[in-house]
>>> print(open('target.cif').read())   # mmCIF, C-alpha atoms
data_structure
loop_
_atom_site.label_atom_id
_atom_site.label_comp_id
_atom_site.auth_asym_id
_atom_site.auth_seq_id
_atom_site.Cartn_x
_atom_site.Cartn_y
_atom_site.Cartn_z
CA MET A 1209 -119.82 135.23 -21.07
CA ASN A 1210 -116.72 137.43 -21.23
CA PRO A 1211 -117.54 140.97 -22.54
CA ASP A 1212 -114.51 140.87 -24.89
CA LEU A 1213 -115.73 137.61 -26.41
CA GLU A 1214 -119.25 139.01 -26.76
CA LYS A 1215 -117.82 142.02 -28.59
CA ARG A 1216 -115.76 139.83 -30.97
CA ILE A 1217 -118.85 137.67 -31.68
CA ARG A 1218 -120.96 140.77 -32.39
CA GLU A 1219 -118.27 142.03 -34.78
CA ALA A 1220 -118.14 138.69 -36.62
CA ILE A 1221 -121.94 138.54 -36.82
CA ALA A 1222 -122.16 142.12 -38.12
CA ASN A 1223 -120.33 141.05 -41.27
CA PRO A 1224 -120.46 137.25 -41.59
CA GLN A 1225 -118.23 135.85 -44.31
CA ASN A 1226 -119.13 133.04 -46.71
CA MET A 1227 -122.73 132.59 -45.66
CA GLY A 1228 -125.01 130.73 -48.05
CA GLU A 1229 -125.02 127.82 -50.44
CA LEU A 1230 -121.99 127.43 -52.73
CA ALA A 1231 -123.01 126.59 -56.28
CA GLY A 1232 -120.77 123.98 -57.85
CA ALA A 1233 -119.35 122.82 -54.53
CA ASP A 1234 -117.16 119.72 -54.67
CA SER A 1235 -118.18 118.49 -51.24
CA VAL A 1236 -120.71 119.18 -48.52
CA GLY A 1237 -120.95 118.28 -44.86
CA SER A 1238 -123.93 118.50 -42.55
CA VAL A 1239 -124.22 118.12 -38.80
CA GLY A 1240 -126.87 118.61 -36.18
CA ASN A 1241 -126.87 118.69 -32.41
CA SER A 1242 -130.05 117.16 -31.01
CA GLU A 1243 -129.29 118.58 -27.55
CA CYS A 1244 -129.51 122.24 -28.58
CA GLY A 1245 -131.25 121.99 -31.96
CA GLU A 1246 -128.42 123.58 -33.93
CA MET A 1247 -127.69 122.48 -37.49
CA LEU A 1248 -124.91 123.48 -39.84
CA ARG A 1249 -124.10 122.70 -43.45
CA LEU A 1250 -120.70 123.45 -44.98
CA TRP A 1251 -119.93 123.56 -48.72
CA VAL A 1252 -116.35 123.22 -49.98
CA LYS A 1253 -114.88 123.98 -53.41
CA PHE A 1254 -111.33 122.88 -54.30
CA LYS A 1255 -108.77 124.16 -56.78
CA ASP A 1256 -105.44 122.86 -58.00
CA GLU A 1257 -102.53 124.91 -56.69
CA HIS A 1258 -98.98 123.86 -57.56
CA GLY A 1259 -100.06 120.25 -58.03
CA LYS A 1260 -101.99 120.10 -54.75
CA LYS A 1261 -105.74 120.13 -54.27
CA VAL A 1262 -106.51 122.98 -51.86
CA ILE A 1263 -109.69 124.56 -50.57
CA ASP A 1264 -110.57 127.47 -52.80
CA ARG A 1265 -113.74 128.50 -51.01
CA ALA A 1266 -116.05 127.30 -48.27
CA THR A 1267 -119.50 128.56 -47.33
CA PHE A 1268 -122.06 127.64 -44.69
CA GLN A 1269 -125.68 127.83 -43.61
CA SER A 1270 -126.58 127.51 -39.97
CA PHE A 1271 -129.51 127.13 -37.65
CA GLY A 1272 -127.54 128.06 -34.59
CA CYS A 1273 -126.65 130.68 -32.08
CA GLU A 1274 -124.52 133.72 -32.86
CA THR A 1275 -121.39 131.95 -31.64
CA ALA A 1276 -121.86 129.06 -34.09
CA ILE A 1277 -122.38 131.51 -36.95
CA ALA A 1278 -119.30 133.54 -35.92
CA VAL A 1279 -117.12 130.41 -35.67
CA ALA A 1280 -118.38 129.11 -39.04
CA SER A 1281 -117.67 132.48 -40.65
CA LEU A 1282 -114.12 132.58 -39.27
CA ALA A 1283 -113.46 128.90 -40.02
CA THR A 1284 -114.45 129.23 -43.68
CA GLU A 1285 -111.80 131.94 -44.02
CA LEU A 1286 -109.23 129.95 -42.02
CA ILE A 1287 -109.43 126.81 -44.18
CA ARG A 1288 -109.01 128.65 -47.49
CA GLY A 1289 -105.78 127.60 -49.20
CA LYS A 1290 -105.38 124.48 -47.04
CA THR A 1291 -105.46 120.90 -48.25
CA ALA A 1292 -108.20 118.67 -46.89
CA GLU A 1293 -105.64 117.04 -44.60
CA GLU A 1294 -104.47 120.41 -43.24
CA ALA A 1295 -108.05 121.53 -42.63
CA LEU A 1296 -108.89 118.25 -40.88
CA ALA A 1297 -105.83 118.68 -38.63
CA LEU A 1298 -107.32 121.89 -37.17
CA LYS A 1299 -108.62 121.46 -33.65
CA THR A 1300 -111.89 122.82 -32.32
CA GLU A 1301 -110.13 125.72 -30.62
CA ASP A 1302 -108.27 126.58 -33.86
CA LEU A 1303 -111.55 126.99 -35.73
CA ALA A 1304 -112.70 129.70 -33.31
CA GLY A 1305 -109.81 131.77 -34.67
CA GLU A 1306 -109.93 135.43 -33.68
CA LEU A 1307 -112.72 134.81 -31.19
CA GLY A 1308 -110.15 133.21 -28.91
CA PRO A 1309 -110.95 130.59 -26.30
CA LEU A 1310 -114.66 129.87 -25.97
CA PRO A 1311 -116.28 129.35 -22.58
CA PRO A 1312 -117.32 125.75 -21.80
CA MET A 1313 -120.98 126.52 -22.55
CA LYS A 1314 -120.05 127.63 -26.11
CA ILE A 1315 -117.46 125.01 -27.11
CA HIS A 1316 -120.22 122.97 -28.76
CA CYS A 1317 -120.55 125.79 -31.32
CA ALA A 1318 -117.00 125.23 -32.56
CA GLN A 1319 -117.55 121.46 -32.36
CA LEU A 1320 -120.55 121.88 -34.66
CA VAL A 1321 -118.34 123.61 -37.23
CA GLU A 1322 -115.62 120.98 -36.81
CA GLY A 1323 -118.23 118.25 -37.32
CA ALA A 1324 -119.47 119.83 -40.56
CA LEU A 1325 -115.89 120.17 -41.78
CA ARG A 1326 -115.17 116.51 -40.98
CA SER A 1327 -118.44 115.48 -42.63
CA ALA A 1328 -117.42 117.32 -45.80
CA LEU A 1329 -113.80 116.15 -45.90
CA ALA A 1330 -113.68 112.80 -44.07
CA PRO A 1331 -113.53 109.85 -43.68
CA ASN A 1332 -111.36 109.70 -46.77
CA ALA A 1333 -109.94 113.15 -47.46
CA ASP A 1334 -108.58 112.07 -50.86
CA GLU A 1335 -112.08 111.28 -52.12
CA VAL A 1336 -114.26 114.33 -52.46
CA LYS A 1337 -117.93 113.62 -51.87
CA PRO A 1338 -120.28 115.13 -54.44
CA ALA A 1339 -122.44 118.02 -53.34
CA PRO A 1340 -126.18 117.45 -53.07
CA GLN A 1341 -128.56 118.94 -55.56
CA PRO A 1342 -128.88 122.72 -55.13
CA VAL A 1343 -131.59 124.14 -52.93
CA THR A 1344 -134.63 124.99 -55.02
CA ALA A 1345 -136.39 128.32 -54.82
CA ASN A 1346 -139.09 126.81 -52.61
CA SER A 1347 -136.83 124.97 -50.16
CA ASN A 1348 -134.41 125.91 -47.43
CA LEU A 1349 -131.85 124.33 -45.16
CA LEU A 1350 -134.50 123.08 -42.73
CA ASP A 1351 -136.34 121.36 -45.61
CA GLN A 1352 -133.13 119.61 -46.61
CA PHE A 1353 -132.49 118.41 -43.07
CA THR A 1354 -136.01 117.03 -42.74
CA ARG A 1355 -135.95 115.19 -46.09
CA PRO A 1356 -134.56 111.67 -46.15
CA ALA A 1357 -130.81 111.89 -46.60
CA ALA A 1358 -129.35 110.94 -49.96
CA ASP A 1359 -126.37 108.59 -50.10
CA ASP A 1360 -123.93 111.47 -50.55
CA VAL A 1361 -124.97 113.41 -47.43
CA ARG A 1362 -124.28 112.34 -43.87
CA LEU A 1363 -126.02 113.93 -40.92
CA ILE A 1364 -123.93 113.56 -37.78
CA PHE A 1365 -125.45 114.23 -34.37
CA LEU A 1366 -122.87 115.41 -31.88
CA ASP A 1367 -122.81 114.00 -28.36
CA PRO A 1368 -124.15 116.43 -25.77
CA ILE A 1369 -121.51 118.03 -23.60
#
>>> encode(input="target.cif", output="structure tokens")
Amino acid sequence: MNPDLEKRIREAIANPQNMGELAGADSVGSVGNSECGEMLRLWVKFKDEHGKKVIDRATFQSFGCETAIAVASLATELIRGKTAEEALALKTEDLAGELGPLPPMKIHCAQLVEGALRSALAPNADEVKPAPQPVTANSNLLDQFTRPAADDVRLIFLDPI
């Protein structure tokens, strides 16, 4: 991997933004990649701004490599203030933000974030899916992925590259 990219990833990981469950989230998306074992959950909270529903805040939890965590951290900042439609229009390479172009072996990290975003905001961006019940003190993200999925949560497995 490019040393500049490694440095930018280390900097993003040193101070990850928006990590953790978002209480009172309006929507949640979850994805997993069976090829590499990574999983990511994204919470989204909306607000009304000038008559439009925009993303007020987004947070994430990840079982993934440093690149996936860095992309998720940057993406949650990038989508703030955007409508669901604007956020869904972002391409995989847009979500990597300041990291710049990812090498082919790391593109799946940005695709994981894009999948979680799509899971939270699509298929119908006008309808916000309710967030699942909050994580209890004795559970974690892995517990929630291994439990049977409720009707309001979709787990999407990405195709291997």
>>> resolve_selection(input="target.cif", expression="the PyMOL selection byres ((chain A and resi 1214) around 12)", output="number ranges by chain")
A: 1209-1213, 1215-1221, 1274-1275, 1278, 1307-1311, 1314
>>> closest_residue(input="target.cif", among="A:Gly1323, A:His1316, A:Arg1249, A:Glu1229", to="Leu1296 in chain A", atoms="all atoms listed in the file")
A:Gly1323
>>> atom_distance(input="target.cif", atom1="CA of Val1236 in chain A", atom2="CA of Asn1223 in chain A")
23.0 Å
>>> resolve_selection(input="target.cif", expression="the PyMOL selection byres ((chain A and resi 1297) around 12)", output="MDAnalysis selection string")
chainID A and resid 1287 1290:1296 1298:1303 1322 1325:1326 1329:1330 1333
>>> residues_around(input="target.cif", residues="Thr1267 in chain A", least_positions_apart="6", cutoff="7 Å", atoms="only C-alpha atoms", output="PyMOL selection string")
chain A and resi 1226-1230+1250-1252+1284
>>> write_last_selection(input="target.cif", atoms="C-alpha atoms", output="mmCIF file, in the coordinates of the input")
data_model
loop_
_atom_site.group_PDB
_atom_site.id
_atom_site.type_symbol
_atom_site.label_atom_id
_atom_site.label_comp_id
_atom_site.auth_asym_id
_atom_site.auth_seq_id
_atom_site.Cartn_x
_atom_site.Cartn_y
_atom_site.Cartn_z
ATOM 1 C CA ASN A 1226 -119.130 133.040 -46.710
ATOM 2 C CA MET A 1227 -122.730 132.590 -45.660
ATOM 3 C CA GLY A 1228 -125.010 130.730 -48.050
ATOM 4 C CA GLU A 1229 -125.020 127.820 -50.440
ATOM 5 C CA LEU A 1230 -121.990 127.430 -52.730
ATOM 6 C CA LEU A 1250 -120.700 123.450 -44.980
ATOM 7 C CA TRP A 1251 -119.930 123.560 -48.720
ATOM 8 C CA VAL A 1252 -116.350 123.220 -49.980
ATOM 9 C CA THR A 1284 -114.450 129.230 -43.680
#
>>> resolve_selection(input="target.cif", expression="the PyMOL selection byres ((chain A and resi 1254) around 7)", output="list in words")
Asp1234, Val1252, Lys1253, Lys1255, Asp1256, Lys1261, Val1262, Ile1263, Asp1264 and Arg1265 of chain A
>>> decode(input="target.cif", residues="range 1299-1313 of chain A", atoms="all heavy atoms", output="compact mmCIF listing (two decimals), in the first residue's frame")
# COMPACT_ATOMS: atom_id res chain seq x y z
N LYS A 1299 -20.60 8.12 -4.61
CA LYS A 1299 -19.99 6.90 -5.11
C LYS A 1299 -19.00 6.36 -4.08
O LYS A 1299 -18.59 7.07 -3.15
CB LYS A 1299 -19.25 7.17 -6.43
CG LYS A 1299 -20.12 7.76 -7.50
CD LYS A 1299 -21.08 6.74 -8.03
CE LYS A 1299 -21.91 7.32 -9.15
NZ LYS A 1299 -23.27 6.95 -9.10
N THR A 1300 -18.62 5.12 -4.26
CA THR A 1300 -17.67 4.48 -3.36
C THR A 1300 -16.43 5.33 -3.16
O THR A 1300 -15.98 5.54 -2.03
CB THR A 1300 -17.28 3.10 -3.90
OG1 THR A 1300 -18.46 2.31 -4.06
CG2 THR A 1300 -16.33 2.36 -2.97
N GLU A 1301 -15.87 5.84 -4.27
CA GLU A 1301 -14.64 6.63 -4.16
C GLU A 1301 -14.87 7.96 -3.45
O GLU A 1301 -13.95 8.49 -2.81
CB GLU A 1301 -13.97 6.82 -5.52
CG GLU A 1301 -14.83 7.29 -6.65
CD GLU A 1301 -15.69 6.24 -7.35
OE1 GLU A 1301 -15.61 5.02 -7.08
OE2 GLU A 1301 -16.50 6.64 -8.17
N ASP A 1302 -16.09 8.50 -3.50
CA ASP A 1302 -16.40 9.74 -2.79
C ASP A 1302 -16.36 9.52 -1.28
O ASP A 1302 -15.93 10.40 -0.52
CB ASP A 1302 -17.80 10.26 -3.15
CG ASP A 1302 -17.95 10.61 -4.62
OD1 ASP A 1302 -16.96 11.03 -5.24
OD2 ASP A 1302 -19.08 10.47 -5.13
N LEU A 1303 -16.82 8.36 -0.84
CA LEU A 1303 -16.90 8.08 0.59
C LEU A 1303 -15.52 7.98 1.24
O LEU A 1303 -15.38 8.21 2.44
CB LEU A 1303 -17.70 6.80 0.83
CG LEU A 1303 -19.17 6.88 0.43
CD1 LEU A 1303 -19.83 5.52 0.55
CD2 LEU A 1303 -19.91 7.92 1.26
N ALA A 1304 -14.51 7.65 0.46
CA ALA A 1304 -13.15 7.57 0.99
C ALA A 1304 -12.59 8.96 1.30
O ALA A 1304 -11.61 9.09 2.04
CB ALA A 1304 -12.23 6.83 0.03
N GLY A 1305 -13.24 9.99 0.76
CA GLY A 1305 -12.91 11.37 1.10
C GLY A 1305 -11.43 11.69 1.05
O GLY A 1305 -10.76 11.46 0.05
N GLU A 1306 -10.93 12.21 2.15
CA GLU A 1306 -9.54 12.68 2.26
C GLU A 1306 -8.51 11.57 2.09
O GLU A 1306 -7.34 11.85 1.87
CB GLU A 1306 -9.32 13.35 3.62
CG GLU A 1306 -10.19 14.56 3.86
CD GLU A 1306 -10.15 15.00 5.32
OE1 GLU A 1306 -9.38 14.43 6.12
OE2 GLU A 1306 -10.91 15.91 5.65
N LEU A 1307 -8.93 10.32 2.22
CA LEU A 1307 -7.97 9.23 2.04
C LEU A 1307 -7.48 9.18 0.59
O LEU A 1307 -6.39 8.72 0.32
CB LEU A 1307 -8.59 7.88 2.41
CG LEU A 1307 -8.98 7.69 3.86
CD1 LEU A 1307 -9.61 6.33 4.06
CD2 LEU A 1307 -7.78 7.85 4.77
N GLY A 1308 -8.34 9.65 -0.31
CA GLY A 1308 -7.98 9.60 -1.72
C GLY A 1308 -8.28 8.23 -2.30
O GLY A 1308 -8.93 7.40 -1.66
N PRO A 1309 -7.80 7.99 -3.51
CA PRO A 1309 -8.08 6.70 -4.16
C PRO A 1309 -7.51 5.53 -3.35
O PRO A 1309 -6.37 5.58 -2.88
CB PRO A 1309 -7.36 6.82 -5.51
CG PRO A 1309 -7.09 8.27 -5.70
CD PRO A 1309 -7.01 8.88 -4.33
N LEU A 1310 -8.33 4.52 -3.19
CA LEU A 1310 -7.89 3.32 -2.47
C LEU A 1310 -7.33 2.31 -3.46
O LEU A 1310 -7.81 2.22 -4.59
CB LEU A 1310 -9.06 2.69 -1.72
CG LEU A 1310 -9.72 3.55 -0.64
CD1 LEU A 1310 -10.92 2.83 -0.04
CD2 LEU A 1310 -8.73 3.91 0.45
N PRO A 1311 -6.33 1.53 -3.03
CA PRO A 1311 -5.81 0.49 -3.93
C PRO A 1311 -6.87 -0.59 -4.12
O PRO A 1311 -7.77 -0.74 -3.27
CB PRO A 1311 -4.59 -0.04 -3.18
CG PRO A 1311 -4.80 0.31 -1.76
CD PRO A 1311 -5.65 1.56 -1.75
N PRO A 1312 -6.80 -1.35 -5.20
CA PRO A 1312 -7.81 -2.38 -5.49
C PRO A 1312 -8.09 -3.31 -4.31
O PRO A 1312 -9.23 -3.69 -4.08
CB PRO A 1312 -7.23 -3.13 -6.68
CG PRO A 1312 -6.36 -2.13 -7.36
CD PRO A 1312 -5.79 -1.27 -6.25
N MET A 1313 -7.06 -3.65 -3.54
CA MET A 1313 -7.24 -4.58 -2.43
C MET A 1313 -8.00 -3.97 -1.26
O MET A 1313 -8.41 -4.66 -0.34
CB MET A 1313 -5.90 -5.13 -1.96
CG MET A 1313 -5.01 -4.09 -1.34
SD MET A 1313 -3.41 -4.78 -0.98
CE MET A 1313 -2.53 -3.33 -0.50
